[in-house]
Structures are given as C-alpha cells and as structure tokens.
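Participant: I am sharing protein_32.csv, which consists of CSV, C-alpha atoms and all ligand atoms:
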```
chain,number,residue,atom,x,y,z
A,38,MET,CA,33.7,9.5,-52.2
A,39,ALA,CA,30.7,11.7,-51.3
A,40,ASN,CA,27.5,9.9,-50.4
A,41,LEU,CA,25.3,9.8,-53.5
A,42,ASN,CA,21.6,10.6,-53.2
A,43,GLY,CA,19.5,8.3,-55.1
A,44,ALA,CA,15.7,7.8,-55.7
A,45,LEU,CA,13.9,4.6,-56.5
A,46,ILE,CA,11.0,4.6,-58.9
A,47,GLY,CA,8.8,1.5,-58.7
A,48,CYS,CA,8.5,-0.2,-55.3
A,49,GLY,CA,7.2,-3.6,-56.4
A,50,PHE,CA,8.3,-7.2,-56.2
A,51,PHE,CA,11.9,-6.9,-57.3
A,52,ALA,CA,12.7,-3.4,-56.0
A,53,VAL,CA,12.9,-4.8,-52.5
A,54,ASN,CA,16.1,-6.5,-53.5
A,55,GLN,CA,17.5,-3.3,-54.9
A,56,MET,CA,16.6,-1.5,-51.7
A,57,HIS,CA,18.4,-4.1,-49.6
A,58,ALA,CA,21.4,-3.9,-51.9
A,59,TRP,CA,21.5,-0.1,-51.6
A,60,GLY,CA,21.5,-0.5,-47.9
A,61,ASP,CA,24.8,-2.5,-48.2
A,62,ILE,CA,26.6,0.2,-50.3
A,63,GLU,CA,28.2,2.8,-48.1
A,64,ASP,CA,28.7,5.4,-50.8
A,65,ALA,CA,25.0,5.7,-51.9
A,66,SER,CA,21.6,6.0,-50.2
A,67,ILE,CA,18.1,6.0,-51.4
A,68,THR,CA,16.6,9.2,-50.0
A,69,ALA,CA,13.3,9.3,-51.9
A,70,ILE,CA,11.0,6.7,-53.4
A,71,CYS,CA,8.1,6.8,-55.9
A,72,ASP,CA,5.3,4.4,-56.7
A,73,ARG,CA,2.0,5.3,-58.3
A,74,ASP,CA,0.5,2.6,-55.9
A,75,PRO,CA,0.3,4.3,-52.4
A,76,GLU,CA,0.2,0.8,-50.7
A,77,ARG,CA,3.5,-0.2,-52.3
A,78,LEU,CA,5.0,3.2,-51.4
A,79,ARG,CA,3.9,2.7,-47.8
A,80,ILE,CA,5.3,-0.9,-47.6
A,81,VAL,CA,8.7,-0.1,-49.0
A,82,GLY,CA,9.0,3.3,-47.3
A,83,ASP,CA,8.2,1.8,-43.9
A,84,GLN,CA,10.4,-1.3,-44.4
A,85,PHE,CA,13.5,0.8,-45.4
A,86,GLY,CA,12.8,4.0,-43.4
A,87,VAL,CA,12.5,6.3,-46.4
A,88,ALA,CA,10.4,9.4,-45.5
A,89,ARG,CA,10.3,11.3,-48.8
A,90,ARG,CA,7.6,9.5,-50.8
A,91,TYR,CA,5.9,10.4,-54.1
A,92,THR,CA,3.2,8.9,-56.2
A,93,ASP,CA,4.4,10.9,-59.3
A,94,ALA,CA,7.9,10.6,-60.7
A,95,ALA,CA,7.8,14.0,-62.4
A,96,ALA,CA,6.9,15.7,-59.0
A,97,MET,CA,9.8,13.8,-57.3
A,98,LEU,CA,12.4,14.8,-60.0
A,99,SER,CA,11.3,18.4,-59.7
A,100,ALA,CA,11.4,18.5,-55.9
A,101,GLU,CA,14.5,16.4,-55.1
A,102,LYS,CA,18.2,17.1,-55.7
A,103,LEU,CA,19.4,13.7,-56.9
A,104,ASP,CA,22.7,12.1,-58.0
A,105,PHE,CA,20.8,9.2,-59.7
A,106,VAL,CA,17.5,7.5,-60.1
A,107,ASP,CA,16.9,3.7,-60.1
A,108,ILE,CA,13.9,2.7,-62.2
A,109,ALA,CA,12.4,-0.6,-61.1
A,110,THR,CA,9.0,-0.4,-62.8
A,111,THR,CA,7.8,-2.8,-65.5
A,112,VAL,CA,8.8,-2.3,-69.1
A,113,GLY,CA,5.9,-0.1,-70.3
A,114,SER,CA,7.0,2.9,-68.3
A,115,HIS,CA,10.8,2.6,-68.9
A,116,ARG,CA,11.0,5.0,-71.8
A,117,PRO,CA,9.0,7.9,-70.3
A,118,LEU,CA,10.8,7.6,-67.0
A,119,VAL,CA,14.3,7.4,-68.5
A,120,GLU,CA,13.5,10.5,-70.7
A,121,LEU,CA,12.2,12.3,-67.6
A,122,ALA,CA,15.4,11.6,-65.7
A,123,ALA,CA,17.4,12.7,-68.8
A,124,SER,CA,15.4,16.0,-69.0
A,125,HIS,CA,16.5,16.7,-65.4
A,126,ARG,CA,20.1,15.7,-66.2
A,127,VAL,CA,20.0,12.9,-63.6
A,128,PRO,CA,22.1,9.7,-64.2
A,129,VAL,CA,19.8,6.7,-64.5
A,130,ILE,CA,19.6,3.0,-64.0
A,131,CYS,CA,16.8,1.2,-65.8
A,132,GLN,CA,15.6,-2.4,-65.1
A,133,LYS,CA,15.6,-4.9,-67.9
A,134,PRO,CA,13.9,-5.4,-70.3
A,135,PHE,CA,15.2,-2.0,-71.2
A,136,ALA,CA,12.2,-1.1,-73.4
A,137,PRO,CA,9.2,-2.5,-75.3
A,138,THR,CA,11.0,-2.2,-78.7
A,139,LEU,CA,14.5,-1.7,-80.0
A,140,ALA,CA,13.4,1.6,-81.4
A,141,ASP,CA,12.4,2.8,-77.9
A,142,ALA,CA,15.7,1.5,-76.5
A,143,LYS,CA,17.7,3.5,-79.1
A,144,ALA,CA,15.7,6.7,-78.3
A,145,MET,CA,16.4,6.2,-74.6
A,146,VAL,CA,20.2,5.9,-75.3
A,147,THR,CA,20.0,9.0,-77.4
A,148,ALA,CA,18.1,11.0,-74.8
A,149,CYS,CA,20.7,10.2,-72.1
A,150,ALA,CA,23.7,10.9,-74.5
A,151,ASP,CA,22.2,14.2,-75.5
A,152,ALA,CA,21.7,15.2,-71.9
A,153,GLY,CA,25.2,14.0,-71.0
A,154,VAL,CA,24.1,11.6,-68.3
A,155,PRO,CA,25.2,8.0,-67.7
A,156,LEU,CA,22.6,5.3,-68.3
A,157,MET,CA,23.0,1.7,-67.1
A,158,VAL,CA,20.6,-1.1,-67.7
A,159,HIS,CA,20.1,-3.3,-64.6
A,160,GLU,CA,21.2,-6.4,-66.5
A,161,ASN,CA,22.5,-8.3,-63.5
A,162,PHE,CA,22.8,-11.9,-64.5
A,163,ARG,CA,26.3,-11.5,-65.9
A,164,TRP,CA,27.2,-10.2,-62.4
A,165,GLN,CA,26.3,-13.5,-60.7
A,166,SER,CA,29.5,-14.9,-59.1
A,167,PRO,CA,29.3,-18.3,-60.9
A,168,ILE,CA,29.1,-16.4,-64.3
A,169,GLN,CA,32.0,-14.2,-63.3
A,170,ALA,CA,34.0,-17.3,-62.4
A,171,VAL,CA,33.4,-18.6,-65.9
A,172,ARG,CA,34.6,-15.3,-67.4
A,173,ALA,CA,37.7,-15.5,-65.2
A,174,VAL,CA,38.6,-18.9,-66.5
A,175,LEU,CA,38.2,-17.7,-70.1
A,176,ASP,CA,40.4,-14.7,-69.3
A,177,SER,CA,43.1,-16.9,-67.8
A,178,GLY,CA,43.6,-18.6,-71.2
A,179,GLU,CA,43.2,-22.1,-69.6
A,180,ILE,CA,40.9,-23.5,-72.3
A,181,GLY,CA,42.4,-21.5,-75.2
A,182,THR,CA,40.1,-19.9,-77.8
A,183,PRO,CA,36.4,-20.8,-77.4
A,184,PHE,CA,34.7,-22.3,-80.5
A,185,PHE,CA,31.4,-23.5,-78.9
A,186,GLY,CA,29.1,-22.5,-76.1
A,187,ARG,CA,25.8,-23.6,-74.6
A,188,ILE,CA,24.2,-21.3,-72.2
A,189,SER,CA,21.1,-22.9,-70.7
A,190,PHE,CA,18.3,-22.1,-68.3
A,191,ARG,CA,15.7,-24.8,-67.9
A,192,SER,CA,13.2,-24.8,-65.1
A,193,GLY,CA,9.7,-25.6,-63.9
A,194,TYR,CA,9.7,-22.9,-61.2
A,195,ASP,CA,6.4,-21.0,-60.8
A,196,VAL,CA,7.5,-17.4,-61.6
A,197,PHE,CA,3.9,-16.3,-62.1
A,198,SER,CA,2.9,-16.2,-58.4
A,199,GLY,CA,5.5,-13.5,-57.6
A,200,GLN,CA,5.3,-11.8,-61.0
A,201,PRO,CA,1.7,-12.3,-62.3
A,202,TYR,CA,2.2,-10.0,-65.3
A,203,LEU,CA,4.6,-12.6,-66.8
A,204,ALA,CA,1.6,-14.8,-67.6
A,205,THR,CA,-0.3,-12.2,-69.5
A,206,GLY,CA,2.1,-10.7,-72.1
A,207,LYS,CA,2.2,-11.8,-75.7
A,208,ARG,CA,6.0,-12.1,-75.2
A,209,PHE,CA,7.3,-14.0,-72.2
A,210,ILE,CA,10.5,-16.1,-71.9
A,211,ILE,CA,12.8,-14.4,-74.4
A,212,GLU,CA,11.8,-10.9,-73.3
A,213,ASP,CA,11.9,-11.6,-69.5
A,214,LEU,CA,14.5,-14.3,-69.0
A,215,GLY,CA,16.1,-15.0,-72.3
A,216,ILE,CA,17.3,-11.4,-72.4
A,217,HIS,CA,19.6,-12.3,-69.4
A,218,ILE,CA,20.8,-15.5,-71.0
A,219,LEU,CA,21.5,-13.8,-74.3
A,220,ASP,CA,23.5,-11.2,-72.4
A,221,ILE,CA,25.5,-13.9,-70.7
A,222,ALA,CA,26.3,-15.4,-74.1
A,223,ARG,CA,27.6,-12.0,-75.3
A,224,PHE,CA,29.5,-11.5,-72.1
A,225,LEU,CA,31.3,-14.9,-72.5
A,226,LEU,CA,31.6,-15.3,-76.2
A,227,GLY,CA,31.4,-11.8,-77.6
A,228,ASP,CA,29.0,-10.0,-80.0
A,229,VAL,CA,26.7,-11.9,-82.3
A,230,SER,CA,26.4,-11.6,-86.1
A,231,SER,CA,23.4,-13.8,-86.8
A,232,LEU,CA,20.7,-15.7,-84.8
A,233,THR,CA,18.2,-18.5,-85.6
A,234,ALA,CA,15.3,-19.1,-83.2
A,235,ARG,CA,12.5,-21.5,-82.4
A,236,THR,CA,9.9,-21.0,-79.7
A,237,ALA,CA,7.0,-22.9,-78.2
A,238,ARG,CA,4.2,-22.4,-75.6
A,239,ILE,CA,3.8,-25.5,-73.4
A,240,ASN,CA,1.9,-24.1,-70.5
A,241,PRO,CA,-1.7,-23.4,-71.8
A,242,ALA,CA,-2.4,-21.0,-68.9
A,243,ILE,CA,-0.1,-18.3,-70.2
A,244,ALA,CA,-0.2,-16.0,-73.2
A,245,GLY,CA,3.5,-16.0,-74.4
A,246,GLU,CA,6.1,-18.5,-75.3
A,247,ASP,CA,7.7,-20.4,-72.4
A,248,VAL,CA,10.4,-22.3,-74.4
A,249,ALA,CA,13.0,-20.8,-76.7
A,250,THR,CA,16.0,-22.2,-78.5
A,251,MET,CA,18.5,-19.9,-80.2
A,252,LEU,CA,21.5,-20.7,-82.4
A,253,MET,CA,24.0,-17.9,-82.7
A,254,ASP,CA,27.1,-17.1,-84.8
A,255,HIS,CA,29.5,-14.9,-82.8
A,256,GLN,CA,31.8,-12.4,-84.5
A,257,SER,CA,34.7,-14.3,-83.1
A,258,GLY,CA,33.7,-17.3,-85.1
A,259,ALA,CA,32.3,-19.3,-82.1
A,260,THR,CA,28.9,-20.9,-82.3
A,261,SER,CA,26.5,-20.9,-79.3
A,262,VAL,CA,23.2,-22.4,-78.4
A,263,VAL,CA,21.1,-20.4,-75.9
A,264,ASP,CA,18.2,-22.5,-74.6
A,265,CYS,CA,15.5,-21.4,-72.1
A,266,SER,CA,12.5,-23.1,-70.7
A,267,TYR,CA,10.0,-22.6,-67.9
A,268,ALA,CA,8.2,-25.9,-68.9
A,269,THR,CA,11.0,-28.3,-67.8
A,270,LYS,CA,10.2,-30.4,-64.7
A,271,LEU,CA,13.4,-31.9,-63.3
A,272,ALA,CA,14.1,-34.1,-60.3
A,273,VAL,CA,15.9,-31.3,-58.6
A,274,GLU,CA,14.6,-27.8,-59.5
A,275,PRO,CA,17.6,-25.7,-60.7
A,276,PHE,CA,15.9,-22.2,-60.6
A,277,PRO,CA,17.5,-19.7,-61.1
A,278,GLU,CA,20.8,-21.3,-62.2
A,279,THR,CA,22.2,-20.6,-65.6
A,280,LEU,CA,24.3,-23.6,-66.8
A,281,VAL,CA,27.3,-23.1,-69.1
A,282,GLU,CA,29.3,-25.3,-71.4
A,283,ILE,CA,32.2,-23.8,-73.3
A,284,ASP,CA,34.6,-25.7,-75.5
A,285,GLY,CA,37.9,-24.1,-76.5
A,286,ASN,CA,40.8,-25.4,-78.6
A,287,ASP,CA,42.7,-26.3,-75.4
A,288,GLY,CA,40.0,-27.4,-73.0
A,289,THR,CA,36.5,-27.1,-71.7
A,290,ILE,CA,34.4,-25.3,-69.0
A,291,ARG,CA,31.3,-26.9,-67.5
A,292,LEU,CA,29.2,-24.9,-65.0
A,293,ALA,CA,26.8,-27.6,-63.8
A,294,GLN,CA,23.7,-27.6,-61.6
A,295,GLY,CA,24.6,-27.1,-58.0
A,296,TYR,CA,27.2,-24.4,-59.0
A,297,ARG,CA,29.8,-27.0,-59.8
A,298,LEU,CA,32.5,-25.6,-62.1
A,299,THR,CA,34.7,-28.1,-63.9
A,300,VAL,CA,37.6,-26.8,-66.0
A,301,THR,CA,39.7,-29.1,-68.1
A,302,GLY,CA,42.6,-27.3,-69.8
A,303,ARG,CA,46.3,-26.7,-70.1
A,304,ASN,CA,46.9,-27.4,-66.4
A,305,GLY,CA,44.6,-30.5,-66.1
A,306,THR,CA,41.2,-30.8,-64.5
A,307,THR,CA,39.9,-28.8,-61.5
A,308,VAL,CA,36.4,-29.0,-59.9
A,309,ARG,CA,35.3,-26.1,-57.8
A,310,ASP,CA,32.1,-25.1,-55.9
A,311,VAL,CA,31.3,-21.6,-57.1
A,312,SER,CA,28.1,-21.2,-55.1
A,313,PRO,CA,27.1,-17.6,-54.5
A,314,PRO,CA,27.2,-16.3,-50.9
A,315,LEU,CA,23.8,-16.1,-49.1
A,316,LEU,CA,23.6,-12.4,-48.2
A,317,PRO,CA,22.0,-11.7,-44.8
A,318,TRP,CA,18.8,-10.3,-46.5
A,319,ALA,CA,18.7,-12.9,-49.2
A,320,SER,CA,16.7,-16.2,-49.4
A,321,ARG,CA,17.2,-19.4,-51.4
A,322,PRO,CA,16.9,-20.0,-54.3
A,323,TRP,CA,16.9,-16.3,-55.2
A,324,HIS,CA,20.3,-15.6,-53.5
A,325,ASN,CA,22.2,-16.0,-56.7
A,326,ILE,CA,20.2,-13.2,-58.3
A,327,GLN,CA,20.1,-11.1,-55.1
A,328,GLU,CA,23.9,-11.2,-54.9
A,329,SER,CA,24.2,-10.0,-58.5
A,330,VAL,CA,22.0,-7.0,-57.6
A,331,LEU,CA,24.5,-5.9,-55.0
A,332,ALA,CA,27.3,-6.4,-57.5
A,333,ILE,CA,25.8,-4.4,-60.3
A,334,GLN,CA,24.7,-1.5,-58.0
A,335,LYS,CA,28.3,-1.4,-56.6
A,336,HIS,CA,29.6,-1.3,-60.2
A,337,TRP,CA,27.2,1.7,-60.9
A,338,VAL,CA,28.5,3.7,-57.9
A,339,GLY,CA,32.1,2.9,-59.0
A,340,CYS,CA,31.4,4.1,-62.5
A,341,LEU,CA,29.7,7.3,-61.3
A,342,ALA,CA,32.9,8.0,-59.3
A,343,SER,CA,35.4,7.2,-62.0
A,344,GLY,CA,33.4,8.4,-65.1
A,345,GLU,CA,33.9,4.9,-66.6
A,346,GLU,CA,31.0,3.6,-68.8
A,347,PRO,CA,29.0,0.9,-67.0
A,348,ALA,CA,29.6,-2.6,-68.5
A,349,THR,CA,25.8,-2.9,-69.2
A,350,SER,CA,25.4,0.7,-70.3
A,351,GLY,CA,22.3,1.6,-72.4
A,352,ALA,CA,24.5,1.5,-75.5
A,353,ASP,CA,25.9,-1.9,-74.6
A,354,ASN,CA,22.4,-3.3,-73.9
A,355,LEU,CA,21.2,-2.3,-77.4
A,356,LYS,CA,23.3,-5.3,-78.6
A,357,THR,CA,21.6,-7.6,-76.2
A,358,PHE,CA,18.2,-6.2,-77.0
A,359,ALA,CA,18.8,-6.7,-80.7
A,360,LEU,CA,19.1,-10.4,-80.0
A,361,VAL,CA,15.7,-10.4,-78.3
A,362,GLU,CA,14.2,-8.7,-81.3
A,363,ALA,CA,16.0,-11.1,-83.7
A,364,ALA,CA,14.8,-14.1,-81.7
A,365,TYR,CA,11.1,-13.0,-82.0
A,366,ALA,CA,11.5,-12.1,-85.7
A,367,GLY,CA,13.5,-15.3,-86.5
A,368,ALA,CA,11.0,-17.6,-84.6
A,369,ALA,CA,8.2,-16.0,-86.7
A,370,SER,CA,9.9,-16.2,-90.0
A,371,ARG,CA,11.9,-19.4,-89.3
A,372,GLU,CA,14.8,-17.7,-91.0
A,373,PRO,CA,18.2,-16.6,-89.6
A,374,VAL,CA,18.3,-12.9,-88.7
A,375,ARG,CA,21.4,-10.7,-89.2
A,376,ILE,CA,22.1,-8.6,-86.1
A,377,ASP,CA,24.0,-5.8,-87.7
A,378,SER,CA,20.9,-4.9,-89.8
A,379,LEU,CA,19.0,-4.2,-86.5
A,380,LEU,CA,21.7,-2.0,-85.0
A,381,THR,CA,22.3,0.4,-87.9
B,401,LIG,P1,6.0,-5.1,-60.1
B,401,LIG,O1,4.8,-4.9,-60.9
B,401,LIG,O2,5.9,-6.0,-58.8
B,401,LIG,O3,6.5,-3.7,-59.6
B,401,LIG,C1,6.5,-2.5,-60.4
B,401,LIG,C2,6.1,-1.3,-59.5
B,401,LIG,O4,6.2,-0.2,-60.3
B,401,LIG,C3,4.6,-1.4,-59.1
B,401,LIG,O5,4.5,-1.2,-57.7
B,401,LIG,C4,3.9,-0.3,-59.9
B,401,LIG,O6,2.9,0.4,-59.1
B,401,LIG,C5,5.1,0.7,-60.1
B,401,LIG,N1,5.0,1.6,-61.2
B,401,LIG,C6,4.7,1.2,-62.5
B,401,LIG,N2,4.7,2.3,-63.3
B,401,LIG,C7,5.0,3.3,-62.5
B,401,LIG,C8,5.2,4.7,-62.8
B,401,LIG,N3,5.1,5.2,-64.0
B,401,LIG,N4,5.6,5.5,-61.7
B,401,LIG,C9,5.7,5.0,-60.5
B,401,LIG,N5,5.5,3.7,-60.2
B,401,LIG,C10,5.2,2.9,-61.2
B,401,LIG,O7,7.2,-5.6,-61.0
B,401,LIG,P2,8.5,-6.4,-60.7
B,401,LIG,O8,8.3,-7.8,-60.8
B,401,LIG,O9,9.1,-5.8,-59.5
B,401,LIG,O10,9.4,-6.0,-62.0
B,401,LIG,C11,9.9,-4.7,-62.2
B,401,LIG,C12,11.0,-4.7,-63.2
B,401,LIG,O11,12.1,-5.5,-62.7
B,401,LIG,C13,10.6,-5.4,-64.5
B,401,LIG,O12,11.1,-4.7,-65.6
B,401,LIG,C14,11.1,-6.8,-64.4
B,401,LIG,O13,11.5,-7.4,-65.7
B,401,LIG,C15,12.4,-6.5,-63.6
B,401,LIG,N6,12.9,-7.7,-62.9
B,401,LIG,C16,14.2,-7.9,-63.0
B,401,LIG,C17,14.8,-9.0,-62.3
B,401,LIG,C18,16.3,-9.1,-62.4
B,401,LIG,O14,16.9,-10.1,-61.9
B,401,LIG,N7,17.0,-8.2,-63.0
B,401,LIG,C19,14.0,-9.9,-61.6
B,401,LIG,C20,12.7,-9.6,-61.5
B,401,LIG,C21,12.1,-8.5,-62.2
B,402,LIG,O1,15.3,-12.1,-63.6
B,402,LIG,C1,14.1,-11.8,-64.0
B,402,LIG,O2,14.0,-11.0,-64.8
B,402,LIG,C2,12.9,-12.6,-63.4
B,402,LIG,C3,13.0,-14.1,-63.5
B,402,LIG,C4,14.3,-14.7,-63.0
B,402,LIG,C5,11.8,-14.7,-62.8
B,402,LIG,O3,12.9,-14.4,-64.8
B,402,LIG,O4,11.8,-12.1,-64.0
```
What do you get writing this file as structure tokens?
Facilitator:
Amino acid sequence: MANLNGALIGCGFFAVNQMHAWGDIEDASITAICDRDPERLRIVGDQFGVARRYTDAAAMLSAEKLDFVDIATTVGSHRPLVELAASHRVPVICQKPFAPTLADAKAMVTACADAGVPLMVHENFRWQSPIQAVRAVLDSGEIGTPFFGRISFRSGYDVFSGQPYLATGKRFIIEDLGIHILDIARFLLGDVSSLTARTARINPAIAGEDVATMLMDHQSGATSVVDCSYATKLAVEPFPETLVEIDGNDGTIRLAQGYRLTVTGRNGTTVRDVSPPLLPWASRPWHNIQESVLAIQKHWVGCLASGEEPATSGADNLKTFALVEAAYAGAASREPVRIDSLLT
C-alpha cells in the first residue's frame, strides 16, 4: 500500500498518543500538524520531527495535499473542522465526543457523505484488547445468547490535572467517559431501544455530573446497566479499566479488575489474564487506552485501503451519541427515553 499522508489538527494532551501510534504504522505518516497555540505546535512538532506546521487549519488544508486529517481538538471545534475537511474532500478522523449535540453530529455525517469522504470517530475504547477478548468469547458462542450485561467504570482517578477543561463543562462524565462505556455496551450487546438514567455530582469542585447510572433495553432483548463514576475511592485504583459482566443462557463472562477474564460456559470455566501490552511509548495506567489508539488508527488505514466502512464510522457513532443525549434527557426528566425517536 502507498504511504498515506496525514495531518493532525490539535496538538494537545491526547494528540501525543495519536502521534506515537502513527509512528508505529508503516503505511501512514503525519507530514503536517496544526494547532492554534504556537507553543503546542512547537512541542509536538519538535518531539515528532514534523516540519510543516500551521496555526490555521484552513491554511493547512489549502496548502497541503493530504490523504486524511486526524482531528484531536476538543469538542467545540469538531463540526467546523470536519466540515472544512469535507469541503476539501479529505477523509477525516474526529476525536470523541463527536460533536456538542446530536444535530451537529448528524450534519457532520451528512457533510462527509455528500463529499464522498470516509469519516471515522476516534472511539477507541472498544478497541482495547480486554474488550476485544470479551467480544471474541461472545462470538465463539461459549455462553450462548446474552440476556444481561453490566459495563462498569468506577474510579477516583484525578483526570482534571491532565484535562482541566473536564472540570468546567456543564456536562462531564456521560459526555466524556460514559460515551466510551455506552459504545462498549453497543459493541457487546447490540443497539439500544430505550434508556433510563440517573446522575449525581459528588465532587463539589467541578461543574458537571461525575456519577451516572444507565439502564438500557437492547434490540436483542438483553438488558444492560452502564455505570460510571469518578467519585469512587477504591483500595486499588482501577483507572482506566472497564469491567464487564455478561450473562448468557449457557454461561457467563466476567472481566474483573486486573484484566482477569473468567468465562464459564459450554466447555467449563477458564480464567485468563487479558492485560494489554505495554507499548514502548506507553505508560501505566494509560497503556490500555494507548494500545487501543494504535489499534483504531491501524483499522482506519486498513479501511482506507479496502474501502470498508470503519467500525466506528460517523454514521455508527450517531447511535452511541444518541445514548449520550438520551442519558442527559432521561436524567433530567427521570423518564425512559426511546432511542429511535432521536435517530429519525
Ligand atoms: P487539549 O485541550 O489538551 O488539546 C486540544 C488542542 O487543540 C489544544 O492544543 C488547542 O490549542 C487545539 N485546538 C483547539 N481548537 C483548535 C482549532 N480550531 N484549530 C487548531 N487547534 C485547535 O485537549 P485533549 O485533552 O487533548 O482532548 C482532545 C480531544 O481528545 C477531546 O475531544 C477529548 O475528549 C479527546 N480525548 C480522547 C481520549 C480517548 O481515549 N479517545 C482521551 C483523552 C481525550
Ligand atoms: O478517554 C477519555 O476520553 C478521557 C478519559 C479516560 C480521562 O475519560 O477523557
């Protein structure tokens, strides 16, 4: 495959992981970078040896001949930047949360479809190897048909020191973290027909909710609970592990803290360590997330080569984003929310 020429927009906290991962992918290189903050541009440009640097994305898109752009800015700029890439007919990856609202997200999907360019949301949590291991057990048929799931992320980790903006938004845990966990629930148990939610703010120093509990009906007939907290102080801090319990008619799956996967099913019980590898540039405890960044970026390069739609395409992510909107609406009304009404 020819080497793809990519550009990165947004050289902040998380983009450094994306740059390391691009460095591990033979078939693609980041040849230009953009950040409106010259200091971030200098730091990332010098660290990764990228000479072509821009403080304005429109100027970069006009000047460079690109095979894709990778948008790693925060959510407020996602829609204009995706639409800018579409207007130049450049395939685009956009970080999560995809957009500020579902209406914006739908407009972004339409803009890329009209321009005929692939659009992938960097929804990487489903690409974590422990989550892929759970998916493989389901695909093997070992536990039969799932009828219940619990997908859980409970932590007391200080995310605010690395990402201070998380403390200031009216929306916090569902929009930033719950979006990943809801996507994992869809990945493991399928699309959702209705959602009921409750939220709380335990940490008085932040503006948004830091606890969310969601009960979902899946179209398959399965029921799941997705629970997230950044207000949970445990003896051993689990950040950033997502824990999974799935019951099927022939057995159970338990992904427990410490990346321990226990499967009880048609062939008895097995216990496996499904710890993610520690990539040379990664650091604990983030290595689980960092490995998934490499996996999703490899997936993107493969999709560009094959013409296949990315697993977390913009169109797919609308169905995860609808769960985020439903969770906020349902927590406010204390009523169940039907998901199909949001997607029409
Ligand atoms: P950040 O604030 O550290 O970095 C964003 C950078 O984008 C900043 O340097 C800023 O100057 C730049 N920027 C903003 N608007 C711009 C524009 N219009 N043009 C050029 N540059 C612009 O934020 P972050 O913590 O790195 O988060 C970035 C995104 O990554 C967010 O959407 C966040 O939710 C997401 N994120 C994802 C994961 C994951 O696992 N998928 C983890 C952390 C953060
Ligand atoms: O993955 C993320 O989006 C991060 C974190 C893991 C801290 O929630 O913001």
Participant: Have a look at A:Arg297, A:Arg163, A:Arg303, A:His217 and name the one nearest to ligand LIG 402 (chain B); count all atoms listed in the file.
Facilitator: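 Of the candidates, the smallest distance to ligand LIG 402 (chain B) is held by A:His217.
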Participant: At what distance in Å, to one decimal, does CA of Pro167 (chain A) lie from CA of Ile210 (chain A)?
Facilitator: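 A separation of 21.9 Å between them.
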Participant: Please compute the CA of Thr236 (chain A)-atom C12 of ligand LIG 401 (chain B) distance, one decimal, in Å.
Facilitator: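 Answer for the CA of Thr236 (chain A) to atom C12 of ligand LIG 401 (chain B) separation: 23.2 Å.
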Participant: Would you list the residues near (26.2, 11.2, -68.7) (no more than 12 Å away, in the coordinates of the file, using all atoms listed in the file) as a count of residues only?
Facilitator: 33
Participant: Could you report the residues within 9 Å of ligand LIG 402 (chain B), using all atoms listed in the file, as number ranges by chain?
Facilitator: A: 51, 132-134, 160-162, 194-197, 199-200, 203, 210, 212-217, 276-277, 323, 326
Participant: Around ligand LIG 401 (chain B), out to 9 Å and counting all atoms listed in the file, which residues are there? I want them as a ChimeraX atom specification.
Facilitator: /A:46-53,71-78,91-95,108-115,117-118,131-136,159-162,199-203,212-214,217,326-327,329-330
Participant: Suppose you want the space between CA of Thr250 (chain A) and CA of Ala234 (chain A); what is it in Å?
Facilitator: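 Computing it gives 5.7 Å between the two atoms.
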